[in-house]
Amino acid sequence: MDFAWSNQQRELLDAVGRFAKQQLNYDVIDNDRDGVFNREAWKKCGDFGIQGLLVPTDYGGLGTDPLTTVAALERLGYCCKDNGLLFSINAHMWTAIIPLIYNGSEEQKKKYLPGLSNGTLIGGNAMSEPNSGSDAFSLSTTAVKKGSRYILNGSKIFVTNGPIADLLVVFATLDKTRGPNAISAFLVEKNSPGMNVARKLEKMGLRTSPMAEVFFENCEVPEENLLGKEGGGAFLFTRSMTWERGCILASAVGSMQRLLETCIRYANERKQGGQSIGKFQLVASKIVDMKLRVESSRHMLYHYGWLSGHRKGVYLESAMTKLHISDSWVKCCEDAIQIHGGYGYMTEYEVERELRDAIASKLYSGTSEIQRNIVASMLGL
Amino acid sequence: MKILVPFKSVPEPNDATVAGAAVSTPKLVINPFDEIAIEEALRIRERAEATEVVGATIGPPAIDEQIRSALAMGVDRAIRIDDSRILDPYAVARILRALVEREAPHVVIMGKQAVDDDSNQVGQMLAGLLSWPQATFASRIEFLNNKTRARCTRETDAGLEVVEVNLPAIITTDLRLNEPRYVSLPGLMKARRKPIDLLTCDELGVNVRPLTTVLSVGSPPRRAGGTRVESVEELITKLKQEAKVL
């Protein structure tokens with residue numbers, strides 16, 4: 001096995017790090033407090049090439065392989081402290097760009113992928129509903145074909161990027177009695193008649209990533225905006241989720257590495273009882289645990305990326321990667337606060353925000369319990 | 001109009017692990033003042049006042065990474081003069097003179113100094129060797145009279161000085177001229193297809209003989225910790241008797 005990056009990969013990762021450090025870390029505390037999305041930073045990321053990493057070059061992207069992509073996102077998470085911005089970018093990549101790459105028609109790809117790659121367009125998806133979360137395919141938003149249009153009715157909740165999205169991949173059923181086989185995906189542009197992006201949702205963390213409830217009331221979607229086939233929505237969603245589970249916490253691995261380094265620095269500088277607190281075994285032990293979590297997370301992430309790039313099945317690995325990294329991230333954040341003591345609880349030290357941002361990773365893209373169900377089923381249980 | 005931008009690779013200035021100047025360290029970057037020169041050349045080209053920006057640097061293959069950064073920023077092509085010796089400013093100026101004669105640019109824009117050795121001599125020496133006019137420490141550059149003259153605002157201790165030079169000329173850049181763009185990933189991909197030409201001092205017909213020798217390079221002495229004083233009187237006394245600055 002070859003664990004070394006090529007020179008080209010190293011150059012790309014260094015460029016990501018330099019860019020993120022210099023361009024993305026302003027107003028993060030204020031934006032987190034006020035729940036403000038940094039649109040300027042989003043555009044910079046687009047110009048720089050983040051959103052288009054996986055997009056084929058024919059559609060304005062860079063066409064990088066999955067392993068390089070997750071490594072780039074990891075570096076982004078290491079150097080950019082705005083986890084909400086990165087979460088919005090992730091939602092955009094895995095739930096709007098990936099389905100378009102795999103299931104979009106030539107016209108749809110040409111129309112949307114360049115803008116989604118260069119930061120002019122923001123995408124997301126609308127799947128969860130007030131009464132269907134983990135049981136995603138029991139959704140009740142309906143789509144009815146009328147002439148050359150589909151008419152959508154229903155409501156969606158927890159729509160990441162909802163308030164700012166130019167394009168949403170909306171899942172609806174053509175026939176509730178046919179279960180997953182009738183679920184279809186539609187590309188719905190903002191300001192479509194009948195689509196109403198309602199109240200922005202206030203939340204615990206990832207506060208710089210806006211989220212909304214979206215209602216569809218006789219929302220008309222032209223038939224050419226059907227994404228994939230009629231009834232192909234469940235498969236499309238599963239593929240999109242597999243990508244998302246494997247990749248969405250790449251930036252969390254970078255964030256954990258940053259926290260680890262912050263903690264080591266603090267443990268060496270902070271003196272209590274005449275010595276650095278890092279000399280106390282209880283503190284050192286926490287830091288060792290952090291290191292183990294970062295390393296194991298990174299290995300799972302890279303392995304997932306390698307498998308995905310070699311077109312191997314990753315259904316099991318993506319679930320395990322997501323489960324392990326989310327768990328590790330939350331624990332690292334708790335330890336980081338504990339090591340920093342009272343200072344870690346203070347906003348200005350930028351440690352407590354990491355914990356608030358990390359916790360949702362056990363909920364989105366399938367809760368940790370759902371990931372365990374997937375792993376268990378893949379193990380034959 | 002063709003612009004030549006010579007640039008130097010230097011240790012990352014913000015890297016706290018770098019102990020001294022001009023020593024081999026793992027992390028190198030384009031000298032920040034040269035990066036400003038590259039940015040300015042690109043802006044001049046983007047407003048259609050120049051047609052080509054050529055980057056040039058001197059060093060071993062290890063600095064190809066910085067060359068690719070320059071190409072990724074938008075430099076059209078680059079030249080590396082393959083030489084791994086530590087060269088003094090006069091040697092660099094002589095190599096650059098040969099390169100300028102070969103490339104025949106209309107203007108050379110370069111950093112006022114490199115942040116590793118802070119010599120601040122190459123631009124001036126190069127102008128002297130070529131008998132070209134020079135405008136150093138530029139914080140603003142504009143071209144006049146159908147691009148036969150350049151008007152440069154210079155930052156001096158006394159204030160802003162505006163000078164005009166006939167082209168071809170050497171212009172060295174100061175910190176506040178512009179804020180360099182970051183290297184984007186599409187730029188990096190494009191850079192892989194741009195040529196890096198290799199030259200040697202022999203091919204340029206330059207026999208480089210260093211006039212200066214670096215005897216040693218080391219870290220500055222560590223600062224002793226400060227102390228708190230109780231009163232203004234105590235401060236005055238200490239400034240007079242211990243620091244002897246009053």
# chains A, B, ... in the order shown; residues from 1 in each chain; ligands from 1
>>> select_by_dssp(residues="range 57-171 of chain B", states="helix (DSSP H, G or I)", output="NGL selection string")
:B and (61-73 or 89-103 or 122-130)
>>> select_by_dssp(residues="range 36-210 of chain B", states="strand (DSSP E or B)", output="PyMOL selection string")
chain B and resi 52-59+77-82+107-111+134-144+149-156+159-166+169-173+196-199
>>> residues_around(residues="Phe137 in chain A", least_positions_apart="2", cutoff="7 Å", atoms="only C-alpha atoms", output="list of chain:residue names")
A:Asp135, A:Leu139, A:Gly179, A:Pro180
>>> interface_residues(of="chain B", to="chain A", cutoff="7 Å", atoms="only C-alpha atoms", output="ChimeraX atom specification")
/B:182-186
>>> residues_around(residues="Met204 in chain A", least_positions_apart="3", cutoff="8 Å", atoms="only C-alpha atoms", output="PyMOL selection string")
chain A and resi 207+356-357
>>> closest_residue(among="B:Leu96, B:Ala158, B:Ala78, B:Ala91", to="Glu65 in chain B", atoms="only C-alpha atoms")
B:Ala78
>>> atom_distance(atom1="CA of Arg245 in chain A", atom2="CA of Thr367 in chain A")
10.5 Å
>>> atom_distance(atom1="CA of Arg140 in chain B", atom2="CA of Gly159 in chain B")
13.6 Å
>>> atom_distance(atom1="CA of Pro163 in chain A", atom2="CA of Gly123 in chain A")
10.6 Å
>>> closest_residue(among="A:Ile264, A:Val188, A:Leu236, A:Lys203", to="Asp32 in chain A", atoms="only C-alpha atoms")
A:Lys203
>>> residues_around(residues="Phe7 in chain B", least_positions_apart="6", cutoff="10 Å", atoms="only C-alpha atoms", output="ChimeraX atom specification")
/B:30-35,37-38,55-58,66-67,70,109-111,113-114
>>> write_last_selection(atoms="C-alpha atoms", output="short mmCIF file (atom, residue, chain, number, x, y, z; two decimals), in the first residue's frame")
data_model
loop_
_atom_site.label_atom_id
_atom_site.label_comp_id
_atom_site.auth_asym_id
_atom_site.auth_seq_id
_atom_site.Cartn_x
_atom_site.Cartn_y
_atom_site.Cartn_z
CA ILE B 30 7.40 33.05 -3.13
CA ASN B 31 8.99 36.10 -1.51
CA PRO B 32 5.96 38.22 -0.51
CA PHE B 33 7.29 41.37 -2.22
CA ASP B 34 7.80 39.36 -5.41
CA GLU B 35 4.28 38.02 -5.10
CA ALA B 37 5.21 42.17 -8.27
CA ILE B 38 3.57 39.15 -9.92
CA GLY B 55 8.34 34.73 -14.41
CA ALA B 56 11.97 33.93 -13.71
CA THR B 57 13.78 32.50 -10.76
CA ILE B 58 17.12 31.00 -9.84
CA GLN B 66 6.89 28.09 -6.13
CA ILE B 67 7.23 28.38 -9.91
CA ALA B 70 3.41 31.76 -9.91
CA ILE B 109 8.83 44.37 -12.00
CA MET B 110 10.24 42.73 -8.87
CA GLY B 111 10.01 42.87 -5.10
CA GLN B 113 13.74 43.01 -1.33
CA ALA B 114 13.55 39.38 -0.30
#
>>> residues_around(residues="Gln281 in chain A", least_positions_apart="6", cutoff="12 Å", atoms="only C-alpha atoms", output="JSON, numbers by chain")
{"A": [267, 275, 287, 288, 289, 339]}
>>> residues_around(residues="Met320 in chain A", least_positions_apart="4", cutoff="7 Å", atoms="only C-alpha atoms", output="list in words")
Leu316, His324, Gln371 and Val375 of chain A
